[in-house]
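**Student:** Structure supplied as structure.csv; contents: CSV, C-alpha atoms and all ligand atoms.
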```csv
chain,number,residue,atom,x,y,z
A,1,MET,CA,-2.7,-33.6,-1.1
A,2,ARG,CA,0.4,-35.8,-0.8
A,3,PHE,CA,3.3,-34.8,1.5
A,4,ARG,CA,5.9,-33.1,-0.7
A,5,ARG,CA,9.5,-33.3,0.2
A,6,THR,CA,11.5,-31.2,-2.3
A,7,PRO,CA,15.2,-31.6,-2.7
A,8,SER,CA,15.7,-28.3,-1.0
A,9,HIS,CA,13.5,-29.2,2.1
A,10,ILE,CA,10.9,-26.5,2.2
A,11,TRP,CA,7.3,-27.1,3.1
A,12,CYS,CA,4.2,-25.4,1.8
A,13,GLN,CA,3.5,-23.9,5.2
A,14,GLN,CA,6.9,-22.2,5.1
A,15,VAL,CA,6.5,-21.1,1.4
A,16,VAL,CA,3.4,-19.0,2.1
A,17,GLU,CA,5.3,-17.1,4.8
A,18,MET,CA,8.0,-16.2,2.2
A,19,VAL,CA,5.8,-15.3,-0.8
A,20,SER,CA,5.7,-11.5,-0.2
A,21,ASP,CA,9.5,-11.4,0.2
A,22,TYR,CA,9.8,-13.6,-2.9
A,23,LEU,CA,7.8,-11.1,-4.9
A,24,GLU,CA,9.7,-8.2,-3.4
A,25,GLY,CA,12.9,-9.9,-4.5
A,26,THR,CA,14.4,-9.5,-1.0
A,27,LEU,CA,15.0,-13.2,-0.2
A,28,PRO,CA,18.5,-14.5,0.0
A,29,ALA,CA,19.5,-16.1,-3.3
A,30,ARG,CA,19.4,-19.6,-1.9
A,31,ASP,CA,15.8,-19.1,-0.6
A,32,GLN,CA,14.8,-17.5,-3.9
A,33,ARG,CA,16.0,-20.6,-5.7
A,34,ARG,CA,14.3,-23.0,-3.2
A,35,LEU,CA,11.0,-21.2,-3.9
A,36,ASP,CA,11.5,-21.1,-7.6
A,37,HIS,CA,12.0,-24.8,-7.5
A,38,HIS,CA,9.1,-25.4,-5.1
A,39,PHE,CA,6.7,-23.5,-7.4
A,40,THR,CA,7.6,-25.8,-10.3
A,41,ILE,CA,6.7,-28.9,-8.4
A,42,CYS,CA,3.8,-27.8,-6.2
A,43,PRO,CA,0.6,-26.7,-8.0
A,44,PRO,CA,-1.2,-25.5,-4.8
A,45,CYS,CA,1.7,-23.2,-3.9
A,46,SER,CA,1.9,-21.9,-7.5
A,47,ILE,CA,-1.8,-21.2,-7.3
A,48,TYR,CA,-1.2,-19.4,-4.0
A,49,LEU,CA,1.5,-17.3,-5.7
A,50,SER,CA,-0.8,-16.3,-8.6
A,51,GLN,CA,-3.5,-15.4,-6.1
A,52,MET,CA,-1.0,-13.1,-4.3
A,53,ARG,CA,-0.1,-11.5,-7.6
A,54,GLU,CA,-3.7,-11.0,-8.4
A,55,THR,CA,-4.3,-9.5,-5.0
A,56,LEU,CA,-1.6,-7.0,-5.5
A,57,ARG,CA,-2.9,-6.2,-9.0
A,58,LEU,CA,-6.3,-5.5,-7.6
A,59,ALA,CA,-4.9,-3.4,-4.7
A,60,GLY,CA,-3.0,-1.3,-7.2
A,61,LYS,CA,-6.2,-0.5,-9.0
A,62,LEU,CA,-7.8,1.2,-6.1
A,63,VAL,CA,-7.5,4.8,-7.0
A,64,PRO,CA,-8.7,8.1,-5.4
A,65,GLU,CA,-11.9,9.9,-6.2
A,66,ASP,CA,-11.5,13.3,-7.6
A,67,LEU,CA,-11.3,16.1,-5.1
A,68,SER,CA,-14.7,17.5,-4.4
A,69,PRO,CA,-15.4,21.1,-5.4
A,70,GLU,CA,-15.7,22.0,-1.6
A,71,MET,CA,-12.3,20.5,-1.0
A,72,GLU,CA,-10.9,22.4,-4.0
A,73,GLN,CA,-12.2,25.6,-2.5
A,74,GLU,CA,-10.7,24.8,0.9
A,75,PHE,CA,-7.3,24.2,-0.6
A,76,THR,CA,-7.5,27.3,-2.7
A,77,GLU,CA,-8.0,29.1,0.5
A,78,VAL,CA,-5.0,27.3,2.1
A,79,TYR,CA,-2.9,28.5,-0.9
A,80,ARG,CA,-4.2,32.2,-0.6
A,81,ARG,CA,-3.5,32.2,3.1
A,82,TRP,CA,0.1,31.2,2.4
A,83,ARG,CA,0.5,33.8,-0.4
A,84,GLU,CA,-0.7,36.5,2.1
A,85,GLU,CA,1.9,35.5,4.7
A,86,SER,CA,4.8,35.3,2.3
B,1,MET,CA,-12.2,5.3,-3.8
B,2,SER,CA,-13.0,3.2,-6.8
B,3,PHE,CA,-11.5,1.2,-9.6
B,4,HIS,CA,-10.3,3.2,-12.7
B,5,ALA,CA,-7.7,3.1,-15.3
B,6,PRO,CA,-4.3,3.6,-13.7
B,7,ARG,CA,-3.6,7.2,-13.0
B,8,LEU,CA,-0.4,9.0,-13.9
B,9,PRO,CA,1.5,10.5,-11.0
B,10,TRP,CA,1.2,7.6,-8.6
B,11,THR,CA,2.1,5.0,-11.2
B,12,ARG,CA,4.5,2.5,-9.7
B,13,ARG,CA,7.2,2.6,-12.3
B,14,ARG,CA,9.8,5.3,-12.6
B,15,SER,CA,10.2,5.1,-16.3
B,16,GLN,CA,8.6,8.5,-17.0
B,17,VAL,CA,11.2,11.0,-18.1
B,18,ILE,CA,9.5,13.9,-16.4
B,19,ASP,CA,8.0,13.6,-13.0
B,20,PRO,CA,4.6,15.5,-13.3
B,21,ASP,CA,5.0,16.5,-9.7
B,22,LEU,CA,8.1,18.5,-10.5
B,23,LEU,CA,6.4,20.3,-13.4
B,24,LEU,CA,3.6,21.3,-11.0
B,25,LEU,CA,6.1,22.3,-8.4
B,26,GLU,CA,7.8,24.6,-10.9
B,27,ARG,CA,4.5,26.3,-11.7
B,28,LEU,CA,3.6,26.4,-8.0
B,29,ARG,CA,6.9,28.2,-7.2
B,30,ALA,CA,6.0,30.7,-10.0
B,31,GLY,CA,2.8,31.5,-8.1
B,32,ASP,CA,0.3,29.4,-10.1
B,33,GLU,CA,-2.7,28.7,-7.9
B,34,SER,CA,-4.2,26.1,-10.1
B,35,ALA,CA,-1.0,24.1,-10.0
B,36,PHE,CA,-1.4,23.9,-6.3
B,37,VAL,CA,-4.9,22.5,-6.5
B,38,THR,CA,-3.9,20.0,-9.1
B,39,LEU,CA,-1.0,18.9,-6.9
B,40,VAL,CA,-3.3,18.5,-3.9
B,41,SER,CA,-5.8,16.5,-5.8
B,42,LEU,CA,-3.2,14.1,-7.1
B,43,HIS,CA,-2.0,13.4,-3.5
B,44,HIS,CA,-5.1,14.0,-1.4
B,45,ASP,CA,-6.5,10.6,-1.2
B,46,PRO,CA,-3.3,8.7,-0.3
B,47,MET,CA,-2.5,11.4,2.2
B,48,LEU,CA,-5.9,11.3,3.8
B,49,ARG,CA,-5.9,7.5,4.1
B,50,LEU,CA,-2.4,7.6,5.6
B,51,ALA,CA,-3.4,10.4,8.1
B,52,ARG,CA,-6.4,8.4,9.1
B,53,THR,CA,-4.2,5.5,10.3
B,54,PHE,CA,-2.7,7.8,12.9
B,55,VAL,CA,-5.7,9.8,14.2
B,56,SER,CA,-9.1,8.7,15.5
B,57,SER,CA,-11.4,10.7,13.2
B,58,HIS,CA,-11.8,11.7,9.6
B,59,ALA,CA,-12.1,15.3,10.6
B,60,ILE,CA,-8.8,15.3,12.4
B,61,ALA,CA,-7.2,13.5,9.4
B,62,GLU,CA,-8.5,16.3,7.1
B,63,GLU,CA,-7.0,18.9,9.4
B,64,VAL,CA,-3.7,17.1,9.3
B,65,VAL,CA,-3.7,17.0,5.5
B,66,GLN,CA,-4.4,20.7,5.3
B,67,ASP,CA,-1.8,21.5,7.9
B,68,THR,CA,0.7,19.4,5.9
B,69,TRP,CA,0.0,21.3,2.7
B,70,LEU,CA,0.5,24.6,4.5
B,71,GLY,CA,3.8,23.3,5.8
B,72,VAL,CA,4.7,22.1,2.3
B,73,LEU,CA,4.0,25.6,0.9
B,74,ARG,CA,6.0,27.2,3.6
B,75,GLY,CA,8.9,24.8,3.0
B,76,ILE,CA,8.7,24.7,-0.7
B,77,GLU,CA,12.0,26.6,-1.3
B,78,ARG,CA,13.7,24.0,0.9
B,79,PHE,CA,12.6,21.0,-1.1
B,80,GLU,CA,15.8,20.0,-3.0
B,81,GLY,CA,14.4,17.0,-4.9
B,82,ARG,CA,16.7,14.5,-3.2
B,83,SER,CA,13.6,12.4,-2.4
B,84,SER,CA,10.5,12.4,-4.6
B,85,LEU,CA,8.0,15.1,-3.8
B,86,ARG,CA,5.5,12.5,-2.6
B,87,THR,CA,8.0,10.9,-0.2
B,88,TRP,CA,8.8,14.4,1.2
B,89,LEU,CA,5.2,15.4,1.7
B,90,LEU,CA,4.1,12.0,3.1
B,91,ALA,CA,7.0,12.2,5.6
B,92,ILE,CA,5.8,15.6,6.7
B,93,LEU,CA,2.3,14.3,6.9
B,94,VAL,CA,3.4,11.4,9.1
B,95,LYS,CA,5.2,13.7,11.5
B,96,ARG,CA,2.2,15.9,11.9
B,97,ALA,CA,-0.3,13.0,12.1
B,98,ARG,CA,1.8,11.4,14.8
B,99,THR,CA,1.8,14.6,16.8
B,100,ALA,CA,-1.9,15.0,16.3
B,101,GLY,CA,-2.5,11.3,17.2
B,102,GLY,CA,-0.3,11.7,20.3
B,103,ARG,CA,-0.4,8.9,22.8
B,104,GLU,CA,-2.9,7.1,20.7
B,105,ALA,CA,-0.4,6.6,17.8
B,106,ARG,CA,2.3,5.4,20.1
B,107,SER,CA,0.1,2.7,21.7
B,108,ILE,CA,-0.9,1.6,18.2
B,109,ALA,CA,2.7,1.4,17.0
B,110,SER,CA,3.7,-1.0,19.8
B,111,SER,CA,0.6,-3.1,19.6
B,112,ASP,CA,0.7,-4.5,16.1
B,113,SER,CA,4.0,-6.2,15.9
B,114,ALA,CA,3.8,-8.4,18.9
B,115,SER,CA,2.6,-11.8,18.0
B,116,PHE,CA,3.1,-14.1,15.0
B,117,VAL,CA,0.1,-14.4,12.7
B,118,ALA,CA,0.2,-17.1,10.1
B,119,ALA,CA,-0.2,-16.1,6.5
B,120,VAL,CA,-2.6,-19.0,6.0
B,121,ASP,CA,-4.5,-20.6,8.8
B,122,ALA,CA,-2.6,-23.6,10.3
B,123,ASP,CA,-5.7,-25.7,9.9
B,124,ARG,CA,-5.2,-25.7,6.2
B,125,PHE,CA,-1.9,-27.6,6.4
B,126,GLN,CA,-1.2,-31.2,7.4
B,127,SER,CA,1.1,-31.7,10.3
B,128,SER,CA,3.9,-32.3,7.8
B,129,GLY,CA,3.6,-28.7,6.5
B,130,ALA,CA,2.1,-29.7,3.2
B,131,TRP,CA,-1.3,-28.3,2.1
B,132,GLY,CA,-4.4,-30.0,3.5
B,133,ALA,CA,-7.0,-27.6,2.2
B,134,PRO,CA,-5.1,-26.0,-0.8
B,135,PRO,CA,-6.2,-22.8,-2.5
B,136,GLU,CA,-8.3,-23.2,-5.7
B,137,ALA,CA,-7.3,-21.3,-8.8
B,138,TRP,CA,-9.2,-18.0,-9.4
B,139,THR,CA,-10.8,-17.4,-12.7
B,140,ASP,CA,-9.1,-14.9,-15.1
B,141,ASP,CA,-12.2,-12.7,-15.3
B,142,LEU,CA,-12.7,-12.1,-11.6
B,143,GLU,CA,-13.8,-8.5,-12.1
B,144,GLU,CA,-16.6,-9.5,-14.5
B,145,ARG,CA,-17.6,-12.6,-12.5
B,146,ILE,CA,-17.6,-11.1,-9.1
B,147,GLY,CA,-17.8,-7.4,-9.8
B,148,ALA,CA,-15.1,-4.8,-9.5
B,149,ARG,CA,-17.1,-3.1,-6.7
B,150,ALA,CA,-17.4,-6.3,-4.6
B,151,LEU,CA,-13.6,-6.9,-4.9
B,152,ARG,CA,-12.8,-3.3,-4.1
B,153,ASP,CA,-15.1,-3.4,-1.0
B,154,GLN,CA,-13.5,-6.5,0.2
B,155,ILE,CA,-10.0,-5.0,-0.1
B,156,LEU,CA,-11.1,-1.8,1.6
B,157,ALA,CA,-12.7,-3.8,4.5
B,158,ALA,CA,-9.6,-5.9,4.9
B,159,LEU,CA,-7.4,-2.8,5.0
B,160,ALA,CA,-9.7,-1.2,7.6
B,161,ASP,CA,-9.3,-4.3,9.7
B,162,MET,CA,-5.5,-4.3,9.8
B,163,PRO,CA,-3.4,-2.9,12.6
B,164,GLU,CA,-2.5,0.6,11.7
B,165,ARG,CA,1.2,0.2,10.7
B,166,GLN,CA,0.4,-2.8,8.6
B,167,ARG,CA,-2.4,-0.9,6.8
B,168,ALA,CA,-0.1,2.1,6.3
B,169,VAL,CA,2.6,-0.1,4.7
B,170,VAL,CA,0.2,-2.0,2.4
B,171,MET,CA,-1.5,1.2,1.3
B,172,LEU,CA,1.7,3.0,0.5
B,173,ARG,CA,3.5,0.0,-1.2
B,174,ASP,CA,0.6,-1.8,-2.9
B,175,VAL,CA,-2.2,0.7,-3.3
B,176,ASP,CA,-0.2,3.9,-3.9
B,177,GLY,CA,2.8,2.1,-5.5
B,178,LEU,CA,5.7,3.6,-3.5
B,179,GLN,CA,9.0,1.9,-3.6
B,180,SER,CA,9.8,0.0,-0.4
B,181,GLU,CA,12.6,2.4,0.4
B,182,GLU,CA,10.2,5.3,0.2
B,183,VAL,CA,7.8,3.5,2.5
B,184,CYS,CA,10.6,3.1,5.0
B,185,GLN,CA,11.4,6.8,4.8
B,186,VAL,CA,7.8,7.9,5.1
B,187,LEU,CA,7.0,5.7,8.1
B,188,ASP,CA,10.4,5.7,9.6
B,189,LEU,CA,10.7,1.9,9.5
B,190,SER,CA,13.6,-0.4,9.1
B,191,PRO,CA,13.6,-2.5,5.8
B,192,GLY,CA,13.1,-5.6,7.9
B,193,ASN,CA,10.0,-4.2,9.7
B,194,GLU,CA,8.6,-3.0,6.5
B,195,ARG,CA,8.9,-6.4,4.9
B,196,VAL,CA,7.2,-8.1,7.8
B,197,LEU,CA,4.3,-5.7,7.9
B,198,LEU,CA,3.9,-5.9,4.2
B,199,HIS,CA,3.9,-9.7,4.3
B,200,ARG,CA,1.3,-9.8,7.0
B,201,GLY,CA,-0.9,-7.2,5.4
B,202,ARG,CA,-0.7,-8.8,1.9
B,203,SER,CA,-1.5,-12.2,3.4
B,204,ARG,CA,-4.7,-10.8,5.0
B,205,LEU,CA,-5.7,-9.1,1.7
B,206,ARG,CA,-5.3,-12.4,-0.2
B,207,GLN,CA,-7.3,-14.3,2.4
B,208,ALA,CA,-10.1,-11.7,2.3
B,209,LEU,CA,-10.3,-12.1,-1.5
B,210,GLU,CA,-10.2,-15.8,-1.2
B,211,ASP,CA,-13.1,-15.7,1.2
B,212,GLU,CA,-15.1,-13.6,-1.2
B,213,ILE,CA,-14.2,-15.5,-4.3
B,214,GLY,CA,-14.6,-18.9,-2.7
B,215,ALA,CA,-18.1,-17.9,-1.7
B,216,ILE,CA,-19.0,-17.4,-5.3
B,217,HIS,CA,-17.5,-20.7,-6.5
B,218,THR,CA,-19.6,-22.8,-4.1
C,301,ZN,ZN,3.9,-26.2,-1.8
```
Translate this file's structure into structure tokens.
Ligand SMILES: [Zn+2]
**Tutor:**
Amino acid sequence: MRFRRTPSHIWCQQVVEMVSDYLEGTLPARDQRRLDHHFTICPPCSIYLSQMRETLRLAGKLVPEDLSPEMEQEFTEVYRRWREES
Amino acid sequence: MSFHAPRLPWTRRRSQVIDPDLLLLERLRAGDESAFVTLVSLHHDPMLRLARTFVSSHAIAEEVVQDTWLGVLRGIERFEGRSSLRTWLLAILVKRARTAGGREARSIASSDSASFVAAVDADRFQSSGAWGAPPEAWTDDLEERIGARALRDQILAALADMPERQRAVVMLRDVDGLQSEEVCQVLDLSPGNERVLLHRGRSRLRQALEDEIGAIHT
């Protein structure tokens, strides 16, 4: 991998520290533009960005199991306890 | 926990016209017991996982969740809908979990923000800051190639390894799909802290997946 010096002077090692904020849209406009530019000229960093997007997509697909019948029963009792006190 | 089609009430977009939570809340206020159980089941898993980051055992976490729901029922008339229902109940949960966790929780809170941890190991960069060992593109069909279960287990293991606040932030933001402002409210974090914790946690998740996926490629 060749040393890459972009016009906006940002290195890959700095980019990976900013990717989360980049995706959150919380970077200052100037940094956002520096990263936009960097991704167009640096394939490894743009792979890194896609991997991060994929990571978040997979994390968002972890979903809860249904409540077990025992737990349902317990919570029904919580509800009835509250009804009795009110 | 497992992979399924996206579920409704925890979806990450707010485009729905009617918040299903609010409909359930209406029914609950009208004395509908089944509405309560439905509401609990929609929020149970995220609540339990969040509680678990503050207390040392699963059993205590379950108590905290039950205790939270009792508190929610008692305060139901005070809920004004200024925050979303889930933000409100998760914030109640965190207060209770912190109390239950006691000193344990405080020592955790101070321990995980101390030192800088690189998003990607410094060994993988040249001294110039350019990649030395760059990441390789992942295939588009990861779930078929590697298996949804293996990917899920890898994510869960990486989450379990994280310092507690980091884990709580990533779970709320990326697993449960809360907005970052909601995460800050629930965990009582500044936006800056939330972003740092999120960044660190996400970097660890990506690395964990790369470890798993790289092992398949070679
Ligand atoms: Zn780069």
**Student:** Contacts of Glu24 in chain A at 10 Å or less, counting all atoms listed in the file, minus same-chain residues fewer than 3 places along, as a list of chain:residue names?
**Tutor:**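 Residues near the query, excluding close chain neighbours: A:Met18, A:Val19, A:Ser20, A:Asp21, A:Leu27, B:Ser180, B:Arg195, B:Leu198, B:His199.
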**Student:** With a distance threshold of 8 Å and counting all atoms listed in the file, extract the residues of chain B near chain A and express them as a PDB file with C-alpha atoms, keeping the file's coordinate frame.
**Tutor:**
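Just written: out34.pdb:
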```
ATOM      1  CA  MET B   1     -12.200   5.300  -3.800  1.00  0.00           C
ATOM      2  CA  SER B   2     -13.000   3.200  -6.800  1.00  0.00           C
ATOM      3  CA  PHE B   3     -11.500   1.200  -9.600  1.00  0.00           C
ATOM      4  CA  HIS B   4     -10.300   3.200 -12.700  1.00  0.00           C
ATOM      5  CA  ALA B   5      -7.700   3.100 -15.300  1.00  0.00           C
ATOM      6  CA  PRO B   6      -4.300   3.600 -13.700  1.00  0.00           C
ATOM      7  CA  ARG B   7      -3.600   7.200 -13.000  1.00  0.00           C
ATOM      8  CA  GLU B  33      -2.700  28.700  -7.900  1.00  0.00           C
ATOM      9  CA  PHE B  36      -1.400  23.900  -6.300  1.00  0.00           C
ATOM     10  CA  VAL B  37      -4.900  22.500  -6.500  1.00  0.00           C
ATOM     11  CA  VAL B  40      -3.300  18.500  -3.900  1.00  0.00           C
ATOM     12  CA  SER B  41      -5.800  16.500  -5.800  1.00  0.00           C
ATOM     13  CA  HIS B  44      -5.100  14.000  -1.400  1.00  0.00           C
ATOM     14  CA  ASP B  45      -6.500  10.600  -1.200  1.00  0.00           C
ATOM     15  CA  PRO B  46      -3.300   8.700  -0.300  1.00  0.00           C
ATOM     16  CA  GLN B  66      -4.400  20.700   5.300  1.00  0.00           C
ATOM     17  CA  TRP B  69       0.000  21.300   2.700  1.00  0.00           C
ATOM     18  CA  LEU B  70       0.500  24.600   4.500  1.00  0.00           C
ATOM     19  CA  LEU B  73       4.000  25.600   0.900  1.00  0.00           C
ATOM     20  CA  ARG B  74       6.000  27.200   3.600  1.00  0.00           C
ATOM     21  CA  ALA B 118       0.200 -17.100  10.100  1.00  0.00           C
ATOM     22  CA  ALA B 119      -0.200 -16.100   6.500  1.00  0.00           C
ATOM     23  CA  VAL B 120      -2.600 -19.000   6.000  1.00  0.00           C
ATOM     24  CA  ALA B 122      -2.600 -23.600  10.300  1.00  0.00           C
ATOM     25  CA  PHE B 125      -1.900 -27.600   6.400  1.00  0.00           C
ATOM     26  CA  SER B 128       3.900 -32.300   7.800  1.00  0.00           C
ATOM     27  CA  GLY B 129       3.600 -28.700   6.500  1.00  0.00           C
ATOM     28  CA  ALA B 130       2.100 -29.700   3.200  1.00  0.00           C
ATOM     29  CA  TRP B 131      -1.300 -28.300   2.100  1.00  0.00           C
ATOM     30  CA  GLY B 132      -4.400 -30.000   3.500  1.00  0.00           C
ATOM     31  CA  PRO B 134      -5.100 -26.000  -0.800  1.00  0.00           C
ATOM     32  CA  PRO B 135      -6.200 -22.800  -2.500  1.00  0.00           C
ATOM     33  CA  GLU B 136      -8.300 -23.200  -5.700  1.00  0.00           C
ATOM     34  CA  ALA B 137      -7.300 -21.300  -8.800  1.00  0.00           C
ATOM     35  CA  TRP B 138      -9.200 -18.000  -9.400  1.00  0.00           C
ATOM     36  CA  LEU B 151     -13.600  -6.900  -4.900  1.00  0.00           C
ATOM     37  CA  ARG B 152     -12.800  -3.300  -4.100  1.00  0.00           C
ATOM     38  CA  ILE B 155     -10.000  -5.000  -0.100  1.00  0.00           C
ATOM     39  CA  ASP B 174       0.600  -1.800  -2.900  1.00  0.00           C
ATOM     40  CA  VAL B 175      -2.200   0.700  -3.300  1.00  0.00           C
ATOM     41  CA  ASP B 176      -0.200   3.900  -3.900  1.00  0.00           C
ATOM     42  CA  GLY B 177       2.800   2.100  -5.500  1.00  0.00           C
ATOM     43  CA  ARG B 195       8.900  -6.400   4.900  1.00  0.00           C
ATOM     44  CA  LEU B 198       3.900  -5.900   4.200  1.00  0.00           C
ATOM     45  CA  HIS B 199       3.900  -9.700   4.300  1.00  0.00           C
ATOM     46  CA  ARG B 202      -0.700  -8.800   1.900  1.00  0.00           C
ATOM     47  CA  SER B 203      -1.500 -12.200   3.400  1.00  0.00           C
ATOM     48  CA  LEU B 205      -5.700  -9.100   1.700  1.00  0.00           C
ATOM     49  CA  ARG B 206      -5.300 -12.400  -0.200  1.00  0.00           C
ATOM     50  CA  LEU B 209     -10.300 -12.100  -1.500  1.00  0.00           C
TER      51      LEU B 209
END
```
**Student:** Using all atoms listed in the file, pick whichever of A:Glu84, A:Pro69, A:Gln32, A:His38 has the shortest atom-to-atom distance to ligand ZN 301 (chain C).
**Tutor:** A:His38
**Student:** Pick out the residues sitting within 10 Å of Arg52 in chain B, and hand them over as a PDB file with C-alpha atoms, in the frame of the given file; count all atoms listed in the file, and ignore anything fewer than 2 positions along from it in its own chain.
**Tutor:**
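Below you can see out38.pdb, which holds the result:
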```
ATOM      1  CA  PRO B  46      -3.300   8.700  -0.300  1.00  0.00           C
ATOM      2  CA  MET B  47      -2.500  11.400   2.200  1.00  0.00           C
ATOM      3  CA  LEU B  48      -5.900  11.300   3.800  1.00  0.00           C
ATOM      4  CA  ARG B  49      -5.900   7.500   4.100  1.00  0.00           C
ATOM      5  CA  LEU B  50      -2.400   7.600   5.600  1.00  0.00           C
ATOM      6  CA  PHE B  54      -2.700   7.800  12.900  1.00  0.00           C
ATOM      7  CA  VAL B  55      -5.700   9.800  14.200  1.00  0.00           C
ATOM      8  CA  SER B  56      -9.100   8.700  15.500  1.00  0.00           C
ATOM      9  CA  SER B  57     -11.400  10.700  13.200  1.00  0.00           C
ATOM     10  CA  HIS B  58     -11.800  11.700   9.600  1.00  0.00           C
ATOM     11  CA  ALA B  59     -12.100  15.300  10.600  1.00  0.00           C
ATOM     12  CA  ILE B  60      -8.800  15.300  12.400  1.00  0.00           C
ATOM     13  CA  ALA B  61      -7.200  13.500   9.400  1.00  0.00           C
ATOM     14  CA  GLU B  62      -8.500  16.300   7.100  1.00  0.00           C
ATOM     15  CA  VAL B  64      -3.700  17.100   9.300  1.00  0.00           C
ATOM     16  CA  VAL B  65      -3.700  17.000   5.500  1.00  0.00           C
ATOM     17  CA  ALA B  97      -0.300  13.000  12.100  1.00  0.00           C
ATOM     18  CA  GLY B 101      -2.500  11.300  17.200  1.00  0.00           C
ATOM     19  CA  GLU B 164      -2.500   0.600  11.700  1.00  0.00           C
ATOM     20  CA  ALA B 168      -0.100   2.100   6.300  1.00  0.00           C
TER      21      ALA B 168
END
```
**Student:** Ranking B:Ala51, B:Leu187, B:Ala133, B:Ala208 by minimum distance to ligand ZN 301 (chain C) and counting only C-alpha atoms and all ligand atoms, which one comes first?
**Tutor:** B:Ala133
**Student:** Looking at B:Phe116, B:Gly147, B:Glu26, B:Gln126, which one is nearest to Val196 in chain B, with distances taken over only C-alpha atoms?
**Tutor:**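 Answer, going by the shortest atom-to-atom distance: B:Phe116.
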**Student:** Give the answer as one residue: which of A:Asp36, A:His9, A:Gly25, A:Ile41 has the shortest atom-to-atom distance to ligand ZN 301 (chain C), using only C-alpha atoms and all ligand atoms?
**Tutor:**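 That would be A:Ile41, the residue with the smallest distance to ligand ZN 301 (chain C).
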**Student:** When you draw a straight line from CA of Leu85 in chain B to CA of Gln185 in chain B, how long is it in Å?
**Tutor:**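 It comes out at 12.4 Å.
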**Student:** Tell me which of A:Arg33, A:Pro28, A:Thr40, A:Leu23 sits closest to ligand ZN 301 (chain C), counting all atoms listed in the file.
**Tutor:**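 Counting all atoms listed in the file, the residue closest to ligand ZN 301 (chain C) is A:Thr40.
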**Student:** Kindly give the distance, in Å, that separates CA of Glu194 in chain B and CA of Gln166 in chain B, rounded to a single decimal.
**Tutor:** 8.5 Å
**Student:** Can you tell me how far CA of Asp67 in chain B sits from CA of Leu24 in chain B, in Å to one decimal?
**Tutor:**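 These atoms are spaced 19.7 Å apart.
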**Student:** Using the block above, I'd like range 181-195 of chain B written out, keeping N, CA and C atoms and formatting it as a PDB file, in the first residue's frame.
**Tutor:**
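This is the output file part-v2.pdb:
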```pdb
ATOM      1  N   GLU B 181     -29.682  11.110  20.888  1.00  0.00           N
ATOM      2  CA  GLU B 181     -30.165  11.957  21.989  1.00  0.00           C
ATOM      3  C   GLU B 181     -30.873  11.110  23.049  1.00  0.00           C
ATOM      4  N   GLU B 182     -31.575  10.091  22.588  1.00  0.00           N
ATOM      5  CA  GLU B 182     -32.248   9.202  23.538  1.00  0.00           C
ATOM      6  C   GLU B 182     -31.229   8.424  24.371  1.00  0.00           C
ATOM      7  N   VAL B 183     -30.163   7.977  23.713  1.00  0.00           N
ATOM      8  CA  VAL B 183     -29.115   7.245  24.431  1.00  0.00           C
ATOM      9  C   VAL B 183     -28.529   8.127  25.529  1.00  0.00           C
ATOM     10  N   CYS B 184     -28.269   9.394  25.190  1.00  0.00           N
ATOM     11  CA  CYS B 184     -27.723  10.334  26.175  1.00  0.00           C
ATOM     12  C   CYS B 184     -28.671  10.514  27.352  1.00  0.00           C
ATOM     13  N   GLN B 185     -29.962  10.640  27.043  1.00  0.00           N
ATOM     14  CA  GLN B 185     -30.957  10.798  28.106  1.00  0.00           C
ATOM     15  C   GLN B 185     -31.005   9.580  29.011  1.00  0.00           C
ATOM     16  N   VAL B 186     -31.054   8.413  28.382  1.00  0.00           N
ATOM     17  CA  VAL B 186     -31.206   7.173  29.151  1.00  0.00           C
ATOM     18  C   VAL B 186     -30.004   6.932  30.051  1.00  0.00           C
ATOM     19  N   LEU B 187     -28.810   7.151  29.517  1.00  0.00           N
ATOM     20  CA  LEU B 187     -27.597   6.823  30.273  1.00  0.00           C
ATOM     21  C   LEU B 187     -26.997   8.029  30.969  1.00  0.00           C
ATOM     22  N   ASP B 188     -27.642   9.195  30.792  1.00  0.00           N
ATOM     23  CA  ASP B 188     -27.160  10.420  31.408  1.00  0.00           C
ATOM     24  C   ASP B 188     -25.720  10.717  30.971  1.00  0.00           C
ATOM     25  N   LEU B 189     -25.522  10.728  29.663  1.00  0.00           N
ATOM     26  CA  LEU B 189     -24.207  10.984  29.087  1.00  0.00           C
ATOM     27  C   LEU B 189     -24.234  12.281  28.303  1.00  0.00           C
ATOM     28  N   SER B 190     -23.077  12.928  28.208  1.00  0.00           N
ATOM     29  CA  SER B 190     -22.985  14.079  27.313  1.00  0.00           C
ATOM     30  C   SER B 190     -22.887  13.547  25.885  1.00  0.00           C
ATOM     31  N   PRO B 191     -23.316  14.360  24.886  1.00  0.00           N
ATOM     32  CA  PRO B 191     -23.219  13.898  23.496  1.00  0.00           C
ATOM     33  C   PRO B 191     -21.791  13.497  23.120  1.00  0.00           C
ATOM     34  N   GLY B 192     -20.807  14.234  23.630  1.00  0.00           N
ATOM     35  CA  GLY B 192     -19.419  13.910  23.316  1.00  0.00           C
ATOM     36  C   GLY B 192     -19.012  12.543  23.842  1.00  0.00           C
ATOM     37  N   ASN B 193     -19.389  12.266  25.084  1.00  0.00           N
ATOM     38  CA  ASN B 193     -19.097  10.954  25.664  1.00  0.00           C
ATOM     39  C   ASN B 193     -19.782   9.835  24.920  1.00  0.00           C
ATOM     40  N   GLU B 194     -21.022  10.100  24.549  1.00  0.00           N
ATOM     41  CA  GLU B 194     -21.787   9.073  23.832  1.00  0.00           C
ATOM     42  C   GLU B 194     -21.082   8.729  22.527  1.00  0.00           C
ATOM     43  N   ARG B 195     -20.605   9.755  21.824  1.00  0.00           N
ATOM     44  CA  ARG B 195     -19.958   9.506  20.538  1.00  0.00           C
ATOM     45  C   ARG B 195     -18.660   8.719  20.688  1.00  0.00           C
TER      46      ARG B 195
END
```
